[in-house]
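Everything below belongs to input19.pdb, which stores PDB, N, CA and C atoms, pLDDT in the B column.
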ATOM      1  N   MET A 653     -58.494  -4.720  20.393  1.00 66.00           N
ATOM      2  CA  MET A 653     -57.981  -4.916  21.729  1.00 66.00           C
ATOM      3  C   MET A 653     -58.977  -4.338  22.721  1.00 66.00           C
ATOM      4  N   SER A 654     -59.208  -5.065  23.780  1.00 85.00           N
ATOM      5  CA  SER A 654     -60.159  -4.587  24.770  1.00 85.00           C
ATOM      6  C   SER A 654     -59.485  -3.623  25.742  1.00 85.00           C
ATOM      7  N   LEU A 655     -60.304  -2.821  26.385  1.00 88.00           N
ATOM      8  CA  LEU A 655     -59.793  -1.860  27.357  1.00 88.00           C
ATOM      9  C   LEU A 655     -59.155  -2.584  28.540  1.00 88.00           C
ATOM     10  N   GLY A 656     -59.734  -3.710  28.935  1.00 88.00           N
ATOM     11  CA  GLY A 656     -59.176  -4.485  30.037  1.00 88.00           C
ATOM     12  C   GLY A 656     -57.770  -4.981  29.731  1.00 88.00           C
ATOM     13  N   LEU A 657     -57.557  -5.412  28.494  1.00 87.00           N
ATOM     14  CA  LEU A 657     -56.233  -5.879  28.087  1.00 87.00           C
ATOM     15  C   LEU A 657     -55.226  -4.736  28.095  1.00 87.00           C
ATOM     16  N   LEU A 658     -55.641  -3.584  27.634  1.00 85.00           N
ATOM     17  CA  LEU A 658     -54.755  -2.415  27.646  1.00 85.00           C
ATOM     18  C   LEU A 658     -54.396  -2.000  29.063  1.00 85.00           C
ATOM     19  N   LYS A 659     -55.363  -2.052  29.965  1.00 87.00           N
ATOM     20  CA  LYS A 659     -55.085  -1.703  31.362  1.00 87.00           C
ATOM     21  C   LYS A 659     -54.125  -2.704  31.995  1.00 87.00           C
ATOM     22  N   ALA A 660     -54.315  -3.988  31.693  1.00 85.00           N
ATOM     23  CA  ALA A 660     -53.422  -5.018  32.226  1.00 85.00           C
ATOM     24  C   ALA A 660     -51.998  -4.820  31.693  1.00 85.00           C
ATOM     25  N   ALA A 661     -51.871  -4.474  30.416  1.00 81.00           N
ATOM     26  CA  ALA A 661     -50.555  -4.227  29.833  1.00 81.00           C
ATOM     27  C   ALA A 661     -49.895  -3.007  30.481  1.00 81.00           C
ATOM     28  N   ALA A 662     -50.679  -1.976  30.750  1.00 84.00           N
ATOM     29  CA  ALA A 662     -50.142  -0.780  31.396  1.00 84.00           C
ATOM     30  C   ALA A 662     -49.678  -1.092  32.820  1.00 84.00           C
ATOM     31  N   ARG A 663     -50.438  -1.916  33.544  1.00 86.00           N
ATOM     32  CA  ARG A 663     -50.028  -2.305  34.905  1.00 86.00           C
ATOM     33  C   ARG A 663     -48.726  -3.095  34.859  1.00 86.00           C
ATOM     34  N   ALA A 664     -48.605  -4.005  33.902  1.00 81.00           N
ATOM     35  CA  ALA A 664     -47.377  -4.800  33.777  1.00 81.00           C
ATOM     36  C   ALA A 664     -46.189  -3.909  33.439  1.00 81.00           C
ATOM     37  N   GLU A 665     -46.408  -2.928  32.582  1.00 81.00           N
ATOM     38  CA  GLU A 665     -45.336  -2.018  32.190  1.00 81.00           C
ATOM     39  C   GLU A 665     -44.851  -1.183  33.374  1.00 81.00           C
ATOM     40  N   ASN A 666     -45.723  -0.885  34.305  1.00 85.00           N
ATOM     41  CA  ASN A 666     -45.364  -0.089  35.480  1.00 85.00           C
ATOM     42  C   ASN A 666     -44.789  -0.932  36.610  1.00 85.00           C
ATOM     43  N   ASN A 667     -44.735  -2.230  36.425  1.00 83.00           N
ATOM     44  CA  ASN A 667     -44.226  -3.135  37.449  1.00 83.00           C
ATOM     45  C   ASN A 667     -42.699  -3.205  37.337  1.00 83.00           C
ATOM     46  N   ASP A 668     -42.001  -2.651  38.313  1.00 82.00           N
ATOM     47  CA  ASP A 668     -40.539  -2.652  38.286  1.00 82.00           C
ATOM     48  C   ASP A 668     -39.961  -4.058  38.329  1.00 82.00           C
ATOM     49  N   GLY A 669     -40.661  -4.971  38.968  1.00 83.00           N
ATOM     50  CA  GLY A 669     -40.180  -6.345  39.060  1.00 83.00           C
ATOM     51  C   GLY A 669     -40.032  -7.004  37.705  1.00 83.00           C
ATOM     52  N   LEU A 670     -40.910  -6.682  36.784  1.00 81.00           N
ATOM     53  CA  LEU A 670     -40.843  -7.244  35.435  1.00 81.00           C
ATOM     54  C   LEU A 670     -39.554  -6.804  34.740  1.00 81.00           C
ATOM     55  N   HIS A 671     -39.227  -5.532  34.840  1.00 81.00           N
ATOM     56  CA  HIS A 671     -38.015  -5.014  34.204  1.00 81.00           C
ATOM     57  C   HIS A 671     -36.762  -5.563  34.886  1.00 81.00           C
ATOM     58  N   LEU A 672     -36.794  -5.670  36.185  1.00 84.00           N
ATOM     59  CA  LEU A 672     -35.664  -6.213  36.932  1.00 84.00           C
ATOM     60  C   LEU A 672     -35.433  -7.674  36.564  1.00 84.00           C
ATOM     61  N   MET A 673     -36.509  -8.442  36.459  1.00 83.00           N
ATOM     62  CA  MET A 673     -36.400  -9.848  36.097  1.00 83.00           C
ATOM     63  C   MET A 673     -35.757  -9.999  34.719  1.00 83.00           C
ATOM     64  N   ARG A 674     -36.176  -9.175  33.769  1.00 82.00           N
ATOM     65  CA  ARG A 674     -35.636  -9.246  32.421  1.00 82.00           C
ATOM     66  C   ARG A 674     -34.129  -8.955  32.433  1.00 82.00           C
ATOM     67  N   LEU A 675     -33.697  -7.970  33.189  1.00 82.00           N
ATOM     68  CA  LEU A 675     -32.270  -7.652  33.266  1.00 82.00           C
ATOM     69  C   LEU A 675     -31.479  -8.756  33.963  1.00 82.00           C
ATOM     70  N   LEU A 676     -32.061  -9.349  34.984  1.00 82.00           N
ATOM     71  CA  LEU A 676     -31.377 -10.453  35.673  1.00 82.00           C
ATOM     72  C   LEU A 676     -31.210 -11.655  34.757  1.00 82.00           C
ATOM     73  N   ILE A 677     -32.222 -11.924  33.950  1.00 79.00           N
ATOM     74  CA  ILE A 677     -32.115 -13.016  32.977  1.00 79.00           C
ATOM     75  C   ILE A 677     -30.974 -12.734  32.010  1.00 79.00           C
ATOM     76  N   LEU A 678     -30.897 -11.514  31.526  1.00 78.00           N
ATOM     77  CA  LEU A 678     -29.831 -11.152  30.589  1.00 78.00           C
ATOM     78  C   LEU A 678     -28.448 -11.282  31.221  1.00 78.00           C
ATOM     79  N   LEU A 679     -28.315 -10.814  32.438  1.00 76.00           N
ATOM     80  CA  LEU A 679     -27.015 -10.866  33.090  1.00 76.00           C
ATOM     81  C   LEU A 679     -26.604 -12.299  33.413  1.00 76.00           C
ATOM     82  N   ARG A 680     -27.567 -13.136  33.694  1.00 75.00           N
ATOM     83  CA  ARG A 680     -27.274 -14.538  34.043  1.00 75.00           C
ATOM     84  C   ARG A 680     -26.963 -15.379  32.806  1.00 75.00           C
ATOM     85  N   CYS A 681     -27.666 -15.128  31.730  1.00 72.00           N
ATOM     86  CA  CYS A 681     -27.594 -16.003  30.556  1.00 72.00           C
ATOM     87  C   CYS A 681     -27.007 -15.325  29.334  1.00 72.00           C
ATOM     88  N   ALA A 682     -26.245 -14.279  29.503  1.00 65.00           N
ATOM     89  CA  ALA A 682     -25.777 -13.482  28.367  1.00 65.00           C
ATOM     90  C   ALA A 682     -25.009 -14.313  27.348  1.00 65.00           C
ATOM     91  N   ASP A 683     -24.061 -15.098  27.775  1.00 62.00           N
ATOM     92  CA  ASP A 683     -23.279 -15.882  26.832  1.00 62.00           C
ATOM     93  C   ASP A 683     -22.904 -17.213  27.464  1.00 62.00           C
ATOM     94  N   LYS A 684     -23.701 -18.207  27.204  1.00 63.00           N
ATOM     95  CA  LYS A 684     -23.430 -19.533  27.748  1.00 63.00           C
ATOM     96  C   LYS A 684     -22.988 -20.493  26.655  1.00 63.00           C
ATOM     97  N   ARG A 685     -22.473 -19.958  25.554  1.00 63.00           N
ATOM     98  CA  ARG A 685     -22.045 -20.823  24.453  1.00 63.00           C
ATOM     99  C   ARG A 685     -20.789 -21.591  24.817  1.00 63.00           C
ATOM    100  N   GLY A 686     -19.888 -20.978  25.556  1.00 62.00           N
ATOM    101  CA  GLY A 686     -18.648 -21.637  25.933  1.00 62.00           C
ATOM    102  C   GLY A 686     -18.807 -22.372  27.251  1.00 62.00           C
ATOM    103  N   ARG A 687     -17.716 -22.861  27.749  1.00 65.00           N
ATOM    104  CA  ARG A 687     -17.756 -23.589  29.029  1.00 65.00           C
ATOM    105  C   ARG A 687     -17.978 -22.650  30.206  1.00 65.00           C
ATOM    106  N   THR A 688     -17.405 -21.448  30.116  1.00 70.00           N
ATOM    107  CA  THR A 688     -17.614 -20.476  31.190  1.00 70.00           C
ATOM    108  C   THR A 688     -18.388 -19.289  30.633  1.00 70.00           C
ATOM    109  N   PRO A 689     -19.476 -18.894  31.292  1.00 65.00           N
ATOM    110  CA  PRO A 689     -20.262 -17.755  30.792  1.00 65.00           C
ATOM    111  C   PRO A 689     -19.460 -16.468  30.824  1.00 65.00           C
ATOM    112  N   LYS A 690     -19.632 -15.644  29.795  1.00 70.00           N
ATOM    113  CA  LYS A 690     -18.977 -14.342  29.742  1.00 70.00           C
ATOM    114  C   LYS A 690     -19.947 -13.281  30.235  1.00 70.00           C
ATOM    115  N   PRO A 691     -19.472 -12.331  31.017  1.00 71.00           N
ATOM    116  CA  PRO A 691     -20.369 -11.250  31.466  1.00 71.00           C
ATOM    117  C   PRO A 691     -20.681 -10.299  30.324  1.00 71.00           C
ATOM    118  N   VAL A 692     -21.782  -9.587  30.446  1.00 74.00           N
ATOM    119  CA  VAL A 692     -22.134  -8.549  29.479  1.00 74.00           C
ATOM    120  C   VAL A 692     -21.198  -7.378  29.728  1.00 74.00           C
ATOM    121  N   GLU A 693     -20.500  -6.967  28.690  1.00 79.00           N
ATOM    122  CA  GLU A 693     -19.551  -5.854  28.822  1.00 79.00           C
ATOM    123  C   GLU A 693     -20.135  -4.618  28.163  1.00 79.00           C
ATOM    124  N   GLY A 694     -20.526  -3.652  28.967  1.00 83.00           N
ATOM    125  CA  GLY A 694     -21.016  -2.382  28.438  1.00 83.00           C
ATOM    126  C   GLY A 694     -22.516  -2.236  28.549  1.00 83.00           C
ATOM    127  N   ILE A 695     -22.922  -1.040  28.867  1.00 84.00           N
ATOM    128  CA  ILE A 695     -24.346  -0.730  29.047  1.00 84.00           C
ATOM    129  C   ILE A 695     -25.081  -0.752  27.710  1.00 84.00           C
ATOM    130  N   THR A 696     -24.386  -0.413  26.613  1.00 88.00           N
ATOM    131  CA  THR A 696     -25.034  -0.406  25.297  1.00 88.00           C
ATOM    132  C   THR A 696     -25.418  -1.823  24.881  1.00 88.00           C
ATOM    133  N   LYS A 697     -24.517  -2.766  25.098  1.00 84.00           N
ATOM    134  CA  LYS A 697     -24.821  -4.160  24.756  1.00 84.00           C
ATOM    135  C   LYS A 697     -25.982  -4.667  25.600  1.00 84.00           C
ATOM    136  N   LEU A 698     -25.984  -4.331  26.868  1.00 84.00           N
ATOM    137  CA  LEU A 698     -27.077  -4.735  27.746  1.00 84.00           C
ATOM    138  C   LEU A 698     -28.395  -4.132  27.270  1.00 84.00           C
ATOM    139  N   ALA A 699     -28.375  -2.881  26.865  1.00 87.00           N
ATOM    140  CA  ALA A 699     -29.591  -2.225  26.376  1.00 87.00           C
ATOM    141  C   ALA A 699     -30.095  -2.885  25.096  1.00 87.00           C
ATOM    142  N   LYS A 700     -29.195  -3.249  24.201  1.00 87.00           N
ATOM    143  CA  LYS A 700     -29.608  -3.915  22.956  1.00 87.00           C
ATOM    144  C   LYS A 700     -30.203  -5.290  23.241  1.00 87.00           C
ATOM    145  N   LEU A 701     -29.566  -6.040  24.117  1.00 85.00           N
ATOM    146  CA  LEU A 701     -30.092  -7.359  24.470  1.00 85.00           C
ATOM    147  C   LEU A 701     -31.453  -7.238  25.161  1.00 85.00           C
ATOM    148  N   ASP A 702     -31.590  -6.237  26.018  1.00 87.00           N
ATOM    149  CA  ASP A 702     -32.862  -6.005  26.698  1.00 87.00           C
ATOM    150  C   ASP A 702     -33.955  -5.675  25.687  1.00 87.00           C
ATOM    151  N   PHE A 703     -33.629  -4.865  24.699  1.00 89.00           N
ATOM    152  CA  PHE A 703     -34.604  -4.522  23.658  1.00 89.00           C
ATOM    153  C   PHE A 703     -35.062  -5.777  22.924  1.00 89.00           C
ATOM    154  N   LEU A 704     -34.118  -6.638  22.553  1.00 87.00           N
ATOM    155  CA  LEU A 704     -34.475  -7.848  21.817  1.00 87.00           C
ATOM    156  C   LEU A 704     -35.285  -8.817  22.666  1.00 87.00           C
ATOM    157  N   LEU A 705     -35.010  -8.864  23.947  1.00 85.00           N
ATOM    158  CA  LEU A 705     -35.801  -9.723  24.836  1.00 85.00           C
ATOM    159  C   LEU A 705     -37.190  -9.150  25.066  1.00 85.00           C
ATOM    160  N   ARG A 706     -37.271  -7.842  25.140  1.00 86.00           N
ATOM    161  CA  ARG A 706     -38.558  -7.187  25.399  1.00 86.00           C
ATOM    162  C   ARG A 706     -39.477  -7.213  24.182  1.00 86.00           C
ATOM    163  N   TYR A 707     -38.896  -7.143  22.998  1.00 87.00           N
ATOM    164  CA  TYR A 707     -39.666  -7.136  21.750  1.00 87.00           C
ATOM    165  C   TYR A 707     -39.208  -8.309  20.877  1.00 87.00           C
ATOM    166  N   PRO A 708     -39.742  -9.498  21.125  1.00 88.00           N
ATOM    167  CA  PRO A 708     -39.261 -10.700  20.429  1.00 88.00           C
ATOM    168  C   PRO A 708     -39.468 -10.685  18.916  1.00 88.00           C
ATOM    169  N   VAL A 709     -40.357  -9.852  18.411  1.00 92.00           N
ATOM    170  CA  VAL A 709     -40.538  -9.748  16.958  1.00 92.00           C
ATOM    171  C   VAL A 709     -39.236  -9.263  16.317  1.00 92.00           C
ATOM    172  N   TYR A 710     -38.596  -8.296  16.949  1.00 92.00           N
ATOM    173  CA  TYR A 710     -37.343  -7.781  16.416  1.00 92.00           C
ATOM    174  C   TYR A 710     -36.202  -8.782  16.591  1.00 92.00           C
ATOM    175  N   LEU A 711     -36.246  -9.581  17.641  1.00 90.00           N
ATOM    176  CA  LEU A 711     -35.260 -10.646  17.822  1.00 90.00           C
ATOM    177  C   LEU A 711     -35.384 -11.653  16.684  1.00 90.00           C
ATOM    178  N   GLU A 712     -36.611 -12.021  16.348  1.00 92.00           N
ATOM    179  CA  GLU A 712     -36.842 -12.957  15.254  1.00 92.00           C
ATOM    180  C   GLU A 712     -36.315 -12.383  13.934  1.00 92.00           C
ATOM    181  N   ARG A 713     -36.596 -11.114  13.674  1.00 93.00           N
ATOM    182  CA  ARG A 713     -36.109 -10.469  12.447  1.00 93.00           C
ATOM    183  C   ARG A 713     -34.588 -10.445  12.392  1.00 93.00           C
ATOM    184  N   ALA A 714     -33.949 -10.145  13.521  1.00 91.00           N
ATOM    185  CA  ALA A 714     -32.480 -10.091  13.563  1.00 91.00           C
ATOM    186  C   ALA A 714     -31.890 -11.467  13.312  1.00 91.00           C
ATOM    187  N   LEU A 715     -32.491 -12.496  13.904  1.00 91.00           N
ATOM    188  CA  LEU A 715     -31.986 -13.853  13.702  1.00 91.00           C
ATOM    189  C   LEU A 715     -32.141 -14.289  12.255  1.00 91.00           C
ATOM    190  N   LEU A 716     -33.274 -13.952  11.660  1.00 92.00           N
ATOM    191  CA  LEU A 716     -33.484 -14.299  10.241  1.00 92.00           C
ATOM    192  C   LEU A 716     -32.480 -13.585   9.342  1.00 92.00           C
ATOM    193  N   LYS A 717     -32.209 -12.322   9.640  1.00 92.00           N
ATOM    194  CA  LYS A 717     -31.247 -11.553   8.841  1.00 92.00           C
ATOM    195  C   LYS A 717     -29.848 -12.131   8.956  1.00 92.00           C
ATOM    196  N   LEU A 718     -29.514 -12.654  10.132  1.00 90.00           N
ATOM    197  CA  LEU A 718     -28.197 -13.264  10.343  1.00 90.00           C
ATOM    198  C   LEU A 718     -28.127 -14.703   9.843  1.00 90.00           C
ATOM    199  N   GLY A 719     -29.261 -15.230   9.405  1.00 91.00           N
ATOM    200  CA  GLY A 719     -29.293 -16.614   8.909  1.00 91.00           C
ATOM    201  C   GLY A 719     -29.282 -17.646  10.016  1.00 91.00           C
ATOM    202  N   LYS A 720     -29.675 -17.254  11.213  1.00 87.00           N
ATOM    203  CA  LYS A 720     -29.722 -18.167  12.361  1.00 87.00           C
ATOM    204  C   LYS A 720     -31.096 -18.790  12.467  1.00 87.00           C
ATOM    205  N   SER A 721     -31.166 -19.978  13.043  1.00 81.00           N
ATOM    206  CA  SER A 721     -32.467 -20.621  13.235  1.00 81.00           C
ATOM    207  C   SER A 721     -33.184 -20.005  14.425  1.00 81.00           C
ATOM    208  N   ILE A 722     -34.490 -20.022  14.355  1.00 73.00           N
ATOM    209  CA  ILE A 722     -35.317 -19.408  15.397  1.00 73.00           C
ATOM    210  C   ILE A 722     -35.639 -20.410  16.464  1.00 73.00           C
TER     211      ILE A 722
END

Could you rewrite the structure in this file as structure tokens?
Amino acid sequence: MSLGLLKAAARAENNDGLHLMRLLILLRCADKRGRTPKPVEGITKLAKLDFLLRYPVYLERALLKLGKSI
């Protein structure tokens, strides 16, 4: 990994807008399986969903473990 790439990643990590956008996506699209979307209930569930969105490798592993398609 180059130093420039690491610096760019650090700048992105310090950007509050990136984290806010991720949370807004989660709150908007949390459960659209039914006809009416359900809100995220609880800060723990929101934190878990945020983790899976932030680190897609772990999302892929969780889906595979549950037998869901990627």

When the PyMOL selection byres ((chain A and resi 671-679) around 7) is applied to the structure above, which residues does it catch, written out as a list in words?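 Going through the file, the PyMOL selection byres ((chain A and resi 671-679) around 7) ends up selecting Asn667, Asp668, Gly669, Leu670, Arg680, Cys681, Ala682, Asp683, Pro691, Val692, Leu701 and Asp702 of chain A.
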
Spatial neighbours of segment 703-711 of chain A, 8 Å, all atoms listed in the file, chain gap at least 6 places, as a ChimeraX atom specification: /A:674,697,717,722

For a test of reading the model, state the distance in Å between atom C of Arg713 of chain A and atom N of Gly694 of chain A, rounded to one decimal.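 For atom C of Arg713 of chain A relative to atom N of Gly694 of chain A, the distance reads 22.8 Å.
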
Please return the centre and edge lengths, in Å to one decimal, of a box with edges along x, y and z that contains all listed atoms of segment 657-666 of chain A, widened by 6 Å on every side, as JSON.
{"center_x": -51.2, "center_y": -3.0, "center_z": 32.1, "size_x": 24.8, "size_y": 17.8, "size_z": 21.0}

What is the atom N of Ala714 of chain A-atom C of Lys690 of chain A distance in Å, reported with one decimal?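 Computing it gives 22.0 Å between the two atoms.
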
Since the input is missing atoms, can you rebuild N, CA, C and O atoms for segment 710-722 of chain A and write them as a PDB file, keeping the file's coordinate frame?
ATOM      1  N   TYR A 710     -38.596  -8.296  16.949  1.00 92.00           N
ATOM      2  CA  TYR A 710     -37.343  -7.781  16.416  1.00 92.00           C
ATOM      3  C   TYR A 710     -36.202  -8.782  16.591  1.00 92.00           C
ATOM      4  O   TYR A 710     -35.291  -8.843  15.765  1.00 92.00           O
ATOM      5  N   LEU A 711     -36.246  -9.581  17.641  1.00 90.00           N
ATOM      6  CA  LEU A 711     -35.260 -10.646  17.822  1.00 90.00           C
ATOM      7  C   LEU A 711     -35.384 -11.653  16.684  1.00 90.00           C
ATOM      8  O   LEU A 711     -34.378 -12.060  16.099  1.00 90.00           O
ATOM      9  N   GLU A 712     -36.611 -12.021  16.348  1.00 92.00           N
ATOM     10  CA  GLU A 712     -36.842 -12.957  15.254  1.00 92.00           C
ATOM     11  C   GLU A 712     -36.315 -12.383  13.934  1.00 92.00           C
ATOM     12  O   GLU A 712     -35.649 -13.070  13.165  1.00 92.00           O
ATOM     13  N   ARG A 713     -36.596 -11.114  13.674  1.00 93.00           N
ATOM     14  CA  ARG A 713     -36.109 -10.469  12.447  1.00 93.00           C
ATOM     15  C   ARG A 713     -34.588 -10.445  12.392  1.00 93.00           C
ATOM     16  O   ARG A 713     -33.979 -10.695  11.347  1.00 93.00           O
ATOM     17  N   ALA A 714     -33.949 -10.145  13.521  1.00 91.00           N
ATOM     18  CA  ALA A 714     -32.480 -10.091  13.563  1.00 91.00           C
ATOM     19  C   ALA A 714     -31.890 -11.467  13.312  1.00 91.00           C
ATOM     20  O   ALA A 714     -30.914 -11.601  12.567  1.00 91.00           O
ATOM     21  N   LEU A 715     -32.491 -12.496  13.904  1.00 91.00           N
ATOM     22  CA  LEU A 715     -31.986 -13.853  13.702  1.00 91.00           C
ATOM     23  C   LEU A 715     -32.141 -14.289  12.255  1.00 91.00           C
ATOM     24  O   LEU A 715     -31.244 -14.918  11.686  1.00 91.00           O
ATOM     25  N   LEU A 716     -33.274 -13.952  11.660  1.00 92.00           N
ATOM     26  CA  LEU A 716     -33.484 -14.299  10.241  1.00 92.00           C
ATOM     27  C   LEU A 716     -32.480 -13.585   9.342  1.00 92.00           C
ATOM     28  O   LEU A 716     -31.935 -14.175   8.405  1.00 92.00           O
ATOM     29  N   LYS A 717     -32.209 -12.322   9.640  1.00 92.00           N
ATOM     30  CA  LYS A 717     -31.247 -11.553   8.841  1.00 92.00           C
ATOM     31  C   LYS A 717     -29.848 -12.131   8.956  1.00 92.00           C
ATOM     32  O   LYS A 717     -29.072 -12.115   8.000  1.00 92.00           O
ATOM     33  N   LEU A 718     -29.514 -12.654  10.132  1.00 90.00           N
ATOM     34  CA  LEU A 718     -28.197 -13.264  10.343  1.00 90.00           C
ATOM     35  C   LEU A 718     -28.127 -14.703   9.843  1.00 90.00           C
ATOM     36  O   LEU A 718     -27.067 -15.327   9.886  1.00 90.00           O
ATOM     37  N   GLY A 719     -29.261 -15.230   9.405  1.00 91.00           N
ATOM     38  CA  GLY A 719     -29.293 -16.614   8.909  1.00 91.00           C
ATOM     39  C   GLY A 719     -29.282 -17.646  10.016  1.00 91.00           C
ATOM     40  O   GLY A 719     -28.900 -18.791   9.793  1.00 91.00           O
ATOM     41  N   LYS A 720     -29.675 -17.254  11.213  1.00 87.00           N
ATOM     42  CA  LYS A 720     -29.722 -18.167  12.361  1.00 87.00           C
ATOM     43  C   LYS A 720     -31.096 -18.790  12.467  1.00 87.00           C
ATOM     44  O   LYS A 720     -32.087 -18.207  12.051  1.00 87.00           O
ATOM     45  N   SER A 721     -31.166 -19.978  13.043  1.00 81.00           N
ATOM     46  CA  SER A 721     -32.467 -20.621  13.235  1.00 81.00           C
ATOM     47  C   SER A 721     -33.184 -20.005  14.425  1.00 81.00           C
ATOM     48  O   SER A 721     -32.557 -19.521  15.365  1.00 81.00           O
ATOM     49  N   ILE A 722     -34.490 -20.022  14.355  1.00 73.00           N
ATOM     50  CA  ILE A 722     -35.317 -19.408  15.397  1.00 73.00           C
ATOM     51  C   ILE A 722     -35.639 -20.410  16.464  1.00 73.00           C
ATOM     52  O   ILE A 722     -35.890 -21.520  16.281  1.00 73.00           O
TER      53      ILE A 722
END
